[in-house]
$ cat final-v8.txt   # compact mmCIF, C-alpha atoms
# COMPACT_ATOMS: atom_id res chain seq x y z
CA MET A 1124 0.00 0.00 0.00
CA THR A 1125 1.45 3.38 -0.98
CA ALA A 1126 1.53 6.53 1.11
CA THR A 1127 -1.25 7.94 -1.06
CA ASP A 1128 -3.45 4.96 -0.24
CA LEU A 1129 -2.86 5.39 3.50
CA SER A 1130 -3.90 9.02 3.35
CA VAL A 1131 -7.18 8.06 1.78
CA VAL A 1132 -8.19 5.55 4.50
CA PRO A 1133 -9.07 8.03 7.29
CA ALA A 1134 -11.25 10.04 4.91
CA ARG A 1135 -13.29 6.97 3.97
CA THR A 1136 -13.38 5.37 7.41
CA ARG A 1137 -14.98 7.88 9.75
CA VAL A 1138 -15.28 6.77 13.39
CA HIS A 1139 -18.46 7.96 15.11
CA LYS A 1140 -18.41 8.47 18.85
CA VAL A 1141 -21.02 6.57 20.87
CA THR A 1142 -23.29 9.10 22.57
CA GLY A 1143 -26.48 8.78 24.57
CA ARG A 1144 -28.44 10.48 21.81
CA ARG A 1145 -27.21 8.01 19.19
CA VAL A 1146 -27.97 5.05 21.42
CA LEU A 1147 -31.46 6.45 21.98
CA ARG A 1148 -32.01 6.83 18.25
CA SER A 1149 -30.78 3.28 17.69
CA GLU A 1150 -33.17 1.84 20.28
CA TRP A 1151 -36.03 3.92 18.85
CA ALA A 1152 -35.41 2.53 15.36
CA LYS A 1153 -34.99 -0.98 16.73
CA PHE A 1154 -38.29 -0.76 18.63
CA TRP A 1155 -40.37 0.31 15.63
CA SER A 1156 -38.72 -2.23 13.34
CA LEU A 1157 -40.22 -5.12 15.32
CA ARG A 1158 -43.67 -6.39 14.37
CA SER A 1159 -44.33 -7.40 17.98
CA SER A 1160 -44.04 -3.74 19.02
CA TRP A 1161 -46.89 -2.65 16.76
CA ILE A 1162 -49.08 -5.62 17.66
CA THR A 1163 -48.61 -5.34 21.42
CA LEU A 1164 -49.15 -1.59 21.44
CA GLY A 1165 -52.34 -2.08 19.44
CA VAL A 1166 -53.56 -4.74 21.87
CA ALA A 1167 -52.83 -2.49 24.86
CA LEU A 1168 -54.69 0.44 23.31
CA VAL A 1169 -57.70 -1.69 22.32
CA LEU A 1170 -57.95 -3.25 25.79
CA LEU A 1171 -57.72 0.12 27.49
CA ILE A 1172 -60.38 1.76 25.33
CA LEU A 1173 -62.69 -1.23 24.90
CA PHE A 1174 -63.00 -2.19 28.56
CA GLY A 1175 -63.41 1.44 29.63
CA ALA A 1176 -66.15 2.14 27.09
CA ILE A 1177 -68.00 -1.10 27.85
CA ALA A 1178 -67.86 -0.42 31.59
CA GLY A 1179 -69.51 2.96 31.03
CA TYR A 1180 -72.40 1.57 28.98
CA THR A 1181 -73.02 -1.49 31.18
CA TYR A 1182 -72.85 0.32 34.51
CA SER A 1183 -75.74 -0.32 36.86
CA PRO A 1184 -75.94 1.51 40.23
CA GLY A 1185 -77.51 -1.55 41.79
CA VAL A 1186 -74.51 -3.79 41.02
CA VAL A 1187 -71.48 -3.74 43.27
CA ASP A 1188 -68.31 -3.75 41.21
CA ASP A 1189 -64.93 -3.66 42.87
CA GLY A 1190 -63.14 -3.01 39.60
CA PRO A 1191 -59.90 -4.64 38.54
CA PRO A 1192 -57.40 -6.00 41.09
CA GLY A 1193 -55.89 -3.25 43.20
CA GLN A 1194 -58.36 -0.53 42.11
CA PRO A 1195 -59.04 1.43 45.31
CA SER A 1196 -62.05 3.46 44.16
CA GLY A 1197 -64.03 0.59 42.58
CA ALA A 1198 -66.97 1.81 40.52
CA GLY A 1199 -67.51 4.89 42.67
CA ASP A 1200 -66.91 7.36 39.83
CA ALA A 1201 -66.82 7.63 36.06
CA VAL A 1202 -63.02 7.77 35.99
CA SER A 1203 -62.61 4.39 37.68
CA LEU A 1204 -65.02 2.90 35.14
CA ALA A 1205 -63.14 4.45 32.23
CA LEU A 1206 -59.88 3.04 33.58
CA THR A 1207 -61.18 -0.51 34.01
CA GLY A 1208 -58.86 -1.67 31.24
CA VAL A 1209 -55.69 -0.25 32.81
CA THR A 1210 -54.90 -3.56 34.51
CA PHE A 1211 -55.00 -5.44 31.22
CA ALA A 1212 -53.17 -2.71 29.31
CA SER A 1213 -50.44 -2.71 31.97
CA LEU A 1214 -49.79 -6.38 31.32
CA ALA A 1215 -49.50 -5.70 27.59
CA VAL A 1216 -47.02 -2.82 27.92
CA GLY A 1217 -45.12 -4.67 30.63
CA VAL A 1218 -44.73 -7.69 28.35
CA LEU A 1219 -43.58 -5.36 25.58
CA GLY A 1220 -40.91 -3.97 27.89
CA VAL A 1221 -39.78 -7.50 28.67
CA LEU A 1222 -39.54 -8.41 24.99
CA LEU A 1223 -37.57 -5.25 24.26
CA SER A 1224 -34.80 -6.31 26.64
CA ALA A 1225 -34.98 -10.07 27.24
CA GLY A 1226 -35.74 -10.69 23.57
CA GLU A 1227 -32.19 -9.64 22.67
CA TYR A 1228 -30.78 -12.23 25.08
CA SER A 1229 -32.85 -15.02 23.55
CA THR A 1230 -31.74 -14.14 20.01
CA GLY A 1231 -28.13 -13.35 20.94
CA MET A 1232 -28.45 -9.84 19.53
CA ILE A 1233 -27.44 -8.43 22.90
CA ARG A 1234 -23.80 -9.26 22.09
CA SER A 1235 -23.87 -6.99 19.05
CA THR A 1236 -25.63 -4.29 21.02
CA LEU A 1237 -23.08 -4.32 23.84
CA THR A 1238 -20.20 -4.49 21.38
CA ALA A 1239 -21.48 -1.30 19.78
CA VAL A 1240 -22.06 0.29 23.21
CA PRO A 1241 -19.29 -1.04 25.46
CA ARG A 1242 -20.30 1.16 28.41
CA ARG A 1243 -23.55 -0.87 28.49
CA LEU A 1244 -25.61 1.36 30.78
CA PRO A 1245 -26.70 3.75 27.99
CA VAL A 1246 -28.45 0.76 26.40
CA LEU A 1247 -30.56 0.23 29.52
CA TRP A 1248 -31.40 3.93 29.88
CA ALA A 1249 -32.30 4.19 26.19
CA LYS A 1250 -34.56 1.11 26.25
CA GLY A 1251 -36.35 2.37 29.35
CA ALA A 1252 -36.76 5.88 27.93
CA VAL A 1253 -38.12 4.67 24.59
CA ILE A 1254 -40.72 2.26 25.94
CA GLY A 1255 -41.57 4.50 28.90
CA VAL A 1256 -42.39 7.53 26.77
CA ILE A 1257 -44.32 5.49 24.21
CA ALA A 1258 -46.40 3.76 26.91
CA LEU A 1259 -47.03 7.08 28.68
CA VAL A 1260 -48.37 8.72 25.51
CA LEU A 1261 -50.35 5.64 24.50
CA GLY A 1262 -51.84 5.28 27.98
CA THR A 1263 -52.84 8.92 28.23
CA VAL A 1264 -54.49 8.92 24.81
CA GLY A 1265 -56.22 5.62 25.54
CA ALA A 1266 -57.51 6.77 28.94
CA LEU A 1267 -58.90 10.01 27.51
CA THR A 1268 -60.56 8.13 24.65
CA ALA A 1269 -62.08 5.51 26.96
CA PHE A 1270 -63.46 8.24 29.22
CA GLN A 1271 -64.97 10.20 26.34
CA LEU A 1272 -66.55 7.09 24.84
CA GLY A 1273 -67.93 5.87 28.17
CA VAL A 1274 -69.37 9.17 29.44
CA PRO A 1275 -72.50 9.08 27.20
CA GLY A 1276 -73.39 5.73 28.73
CA LEU A 1277 -73.46 7.33 32.19
CA ASP A 1278 -75.78 10.17 31.22
CA GLY A 1279 -78.08 10.89 34.15
CA GLU A 1280 -76.11 8.71 36.61
CA LYS A 1281 -74.80 10.18 39.85
CA ILE A 1282 -71.25 9.08 39.11
CA SER A 1283 -71.15 10.83 35.72
CA LEU A 1284 -68.30 13.32 35.31
CA SER A 1285 -66.82 15.57 32.65
CA LEU A 1286 -63.23 16.44 31.77
CA GLY A 1287 -63.69 19.81 33.47
CA ASP A 1288 -64.45 18.31 36.88
CA ASP A 1289 -61.79 18.46 39.57
CA GLY A 1290 -59.13 15.77 39.30
CA VAL A 1291 -60.49 14.09 36.16
CA LEU A 1292 -57.72 15.15 33.78
CA ARG A 1293 -55.12 14.49 36.45
CA ALA A 1294 -56.36 10.93 37.01
CA LEU A 1295 -56.53 10.15 33.29
CA ALA A 1296 -53.03 11.54 32.68
CA ASP A 1297 -51.71 9.61 35.70
CA ALA A 1298 -53.00 6.39 34.12
CA GLY A 1299 -50.52 7.07 31.33
CA VAL A 1300 -47.77 7.70 33.87
CA TYR A 1301 -48.52 4.38 35.53
CA LEU A 1302 -48.38 2.49 32.23
CA GLY A 1303 -45.10 4.18 31.37
CA LEU A 1304 -43.58 3.05 34.65
CA VAL A 1305 -44.89 -0.50 34.17
CA ALA A 1306 -43.24 -0.62 30.74
CA VAL A 1307 -39.91 0.46 32.27
CA ALA A 1308 -40.35 -2.20 34.95
CA GLY A 1309 -40.78 -4.77 32.17
CA VAL A 1310 -37.43 -3.71 30.67
CA THR A 1311 -35.70 -4.07 34.04
CA LEU A 1312 -37.17 -7.53 34.65
CA GLY A 1313 -36.00 -8.62 31.21
CA VAL A 1314 -32.45 -7.50 31.95
CA LEU A 1315 -32.48 -8.99 35.44
CA LEU A 1316 -33.78 -12.44 34.45
CA ARG A 1317 -32.57 -12.51 30.82
CA SER A 1318 -35.49 -14.76 29.95
CA SER A 1319 -38.70 -13.62 28.30
CA ALA A 1320 -40.79 -16.37 29.89
CA GLY A 1321 -39.30 -15.85 33.34
CA ALA A 1322 -39.63 -12.08 33.23
CA ILE A 1323 -43.25 -12.21 32.01
CA ALA A 1324 -44.08 -14.69 34.78
CA ALA A 1325 -42.47 -12.37 37.33
CA LEU A 1326 -44.41 -9.39 35.96
CA VAL A 1327 -47.74 -11.22 36.19
CA GLY A 1328 -46.89 -12.46 39.66
CA ILE A 1329 -46.04 -8.98 40.93
CA LEU A 1330 -49.03 -7.20 39.40
CA LEU A 1331 -51.76 -9.83 39.79
CA ILE A 1332 -50.80 -12.68 42.10
CA LEU A 1333 -48.91 -10.89 44.89
CA PRO A 1334 -51.95 -8.88 46.11
CA GLY A 1335 -53.91 -12.12 46.43
CA LEU A 1336 -51.13 -13.82 48.37
CA ALA A 1337 -51.06 -10.86 50.75
CA THR A 1338 -54.54 -11.84 51.98
CA LEU A 1339 -52.91 -14.84 53.68
CA LEU A 1340 -51.07 -12.53 56.05
CA PRO A 1341 -52.41 -11.67 59.52
CA ASP A 1342 -54.85 -8.74 59.44
CA SER A 1343 -52.45 -6.34 61.15
CA TRP A 1344 -49.71 -7.13 58.62
CA TYR A 1345 -52.12 -7.05 55.70
CA ASP A 1346 -53.44 -3.58 56.52
CA THR A 1347 -49.91 -2.24 56.91
CA ILE A 1348 -48.23 -3.86 53.91
CA THR A 1349 -50.96 -3.99 51.25
CA PRO A 1350 -51.00 -0.27 50.27
CA TYR A 1351 -47.27 -0.45 49.50
CA LEU A 1352 -47.42 -3.44 47.17
CA PRO A 1353 -46.46 -2.43 43.62
CA SER A 1354 -49.88 -3.02 42.06
CA ASN A 1355 -51.80 -1.28 44.84
CA ALA A 1356 -49.44 1.68 44.96
CA GLY A 1357 -49.64 1.90 41.18
CA SER A 1358 -53.45 1.89 41.08
CA ALA A 1359 -53.50 4.66 43.69
CA ILE A 1360 -51.66 6.89 41.20
CA TYR A 1361 -54.67 7.22 38.89
CA ALA A 1362 -57.45 7.04 41.50
CA LEU A 1363 -59.79 10.03 41.42
CA THR A 1364 -60.75 9.69 45.06
CA GLY A 1365 -58.66 8.08 47.76
CA SER A 1366 -59.72 5.82 50.58
CA ALA A 1367 -58.62 5.26 54.15
CA ASP A 1368 -56.80 2.02 53.31
CA ALA A 1369 -55.05 3.30 50.16
CA LEU A 1370 -52.25 5.74 49.42
CA SER A 1371 -52.88 9.17 47.95
CA PRO A 1372 -51.99 9.65 44.26
CA GLY A 1373 -48.75 11.42 45.18
CA GLN A 1374 -47.77 8.75 47.69
CA GLY A 1375 -48.68 5.99 45.25
CA LEU A 1376 -46.49 7.57 42.58
CA ALA A 1377 -43.56 7.87 44.99
CA VAL A 1378 -43.86 4.26 46.16
CA PHE A 1379 -44.36 2.73 42.71
CA ALA A 1380 -41.58 4.83 41.18
CA GLY A 1381 -39.38 3.68 44.08
CA TRP A 1382 -40.06 0.03 43.24
CA VAL A 1383 -39.23 0.68 39.57
CA ALA A 1384 -36.05 2.57 40.53
CA LEU A 1385 -34.98 -0.32 42.77
CA ALA A 1386 -35.48 -2.80 39.93
CA LEU A 1387 -33.66 -0.45 37.55
CA ALA A 1388 -30.67 -0.30 39.88
CA GLY A 1389 -30.56 -4.09 40.07
CA ALA A 1390 -30.77 -4.39 36.30
CA ALA A 1391 -27.97 -1.84 35.87
CA HIS A 1392 -25.73 -3.76 38.27
CA ARG A 1393 -26.37 -7.07 36.53
CA LEU A 1394 -25.86 -5.58 33.08
CA VAL A 1395 -22.47 -4.13 34.03
CA ARG A 1396 -21.16 -6.98 36.17
CA ARG A 1397 -22.30 -10.06 34.22
CA ASP A 1398 -21.33 -11.20 30.76
CA ALA A 1399 -23.95 -11.23 28.04
$ encode --input "final-v8.txt" --output "structure tokens"
Amino acid sequence: MTATDLSVVPARTRVHKVTGRRVLRSEWAKFWSLRSSWITLGVALVLLILFGAIAGYTYSPGVVDDGPPGQPSGAGDAVSLALTGVTFASLAVGVLGVLLSAGEYSTGMIRSTLTAVPRRLPVLWAKGAVIGVIALVLGTVGALTAFQLGVPGLDGEKISLSLGDDGVLRALADAGVYLGLVAVAGVTLGVLLRSSAGAIAALVGILLILPGLATLLPDSWYDTITPYLPSNAGSAIYALTGSADALSPGQGLAVFAGWVALALAGAAHRLVRRDA
């Protein structure tokens, strides 16, 4: 190779520095390139809107309805009816978060990802940011749509509300916040367990099964511990009205975000310390 040839190499081979913004763009493109992303998001949105709208049109004041697991306000207001599908939508976005992270371990693609981003942690932050923001927007839009579709079915009922009533917009927006946090939790479980099946099982156990197991505890323990369980703290975030045995929306957000942050710290430690 001549000196002239050597001088040409650097001009043709440009080395790009790995930055957080570029990692974020990479994860964004990777997310939308997967068919499972579109399908799961569609399922989450349909469940959220469909169950909320149906609950509004089938509501009967003579029927006692405790709502989905962990819902503190039951069917006491139009918002809780509109958000009936949040529990099911949370499972969908949580599973999507799991697939976004654990799916790369099952296919072996994680090796290429970590080779491109040797510092590793930006990959975790980018995955969490991408799915968290998408789930937040999707959840907020879905909650608003479910409420608007279900309100006509409650015309004349005492629990009927409008978007202008106190706390309604806050509760609907907080449903999106909750779904965003659940999606991030799914990413962390995928990184922690590195198995799609195991992480999905853990997600279902935490959100649905754990509150039921808590009923086996002595009453004094149950009353003290139950409000701080992830699912119960999460449902308190988007509750329009609180209750004596549940956390306030602000407290629920702090507790649930704390659980997600704890899982995120564990996932970060495992990602850095363990080989792919």
$ atom_distance --input "final-v8.txt" --atom1 "atom CA of A:Val1221" --atom2 "atom CA of A:Gly1265"
21.3 Å
$ atom_distance --input "final-v8.txt" --atom1 "atom CA of A:Ala1176" --atom2 "atom CA of A:Val1209"
12.2 Å
$ residues_around --input "final-v8.txt" --residues "A:Asp1346" --least-positions-apart "6" --cutoff "10 Å" --atoms "all atoms listed in the file" --output "list in words"
Ala1337, Thr1338, Leu1340, Asp1368 and Ala1369 of chain A
$ residues_near_point --input "final-v8.txt" --point "(-62.0, -0.5, 29.8)" --cutoff "12 Å" --atoms "only C-alpha atoms" --output "MDAnalysis selection string"
chainID A and resid 1167:1182 1190:1191 1201:1213 1262 1265:1273
$ atom_distance --input "final-v8.txt" --atom1 "atom CA of A:Val1305" --atom2 "atom CA of A:Thr1349"
18.5 Å
$ closest_atom_pairs --input "final-v8.txt" --of "stretch 1338-1363 of chain A" --to "stretch 1377-1398 of chain A" --cutoff "9 Å" --atoms "all atoms listed in the file" --output "CSV"
residue,atom,partner,partner_atom,distance
A:Tyr1351,CA,A:Val1378,CA,6.7
A:Leu1352,CA,A:Phe1379,CA,8.2
A:Pro1353,CA,A:Phe1379,CA,5.6
A:Ser1354,CA,A:Phe1379,CA,8.0
A:Asn1355,CA,A:Phe1379,CA,8.7
A:Ala1356,CA,A:Phe1379,CA,5.7
A:Gly1357,CA,A:Phe1379,CA,5.6
A:Ile1360,CA,A:Phe1379,CA,8.5
$ residues_around --input "final-v8.txt" --residues "A:Thr1236" --least-positions-apart "6" --cutoff "9 Å" --atoms "all atoms listed in the file" --output "list of chain:residue names"
A:Glu1227, A:Arg1243, A:Val1246
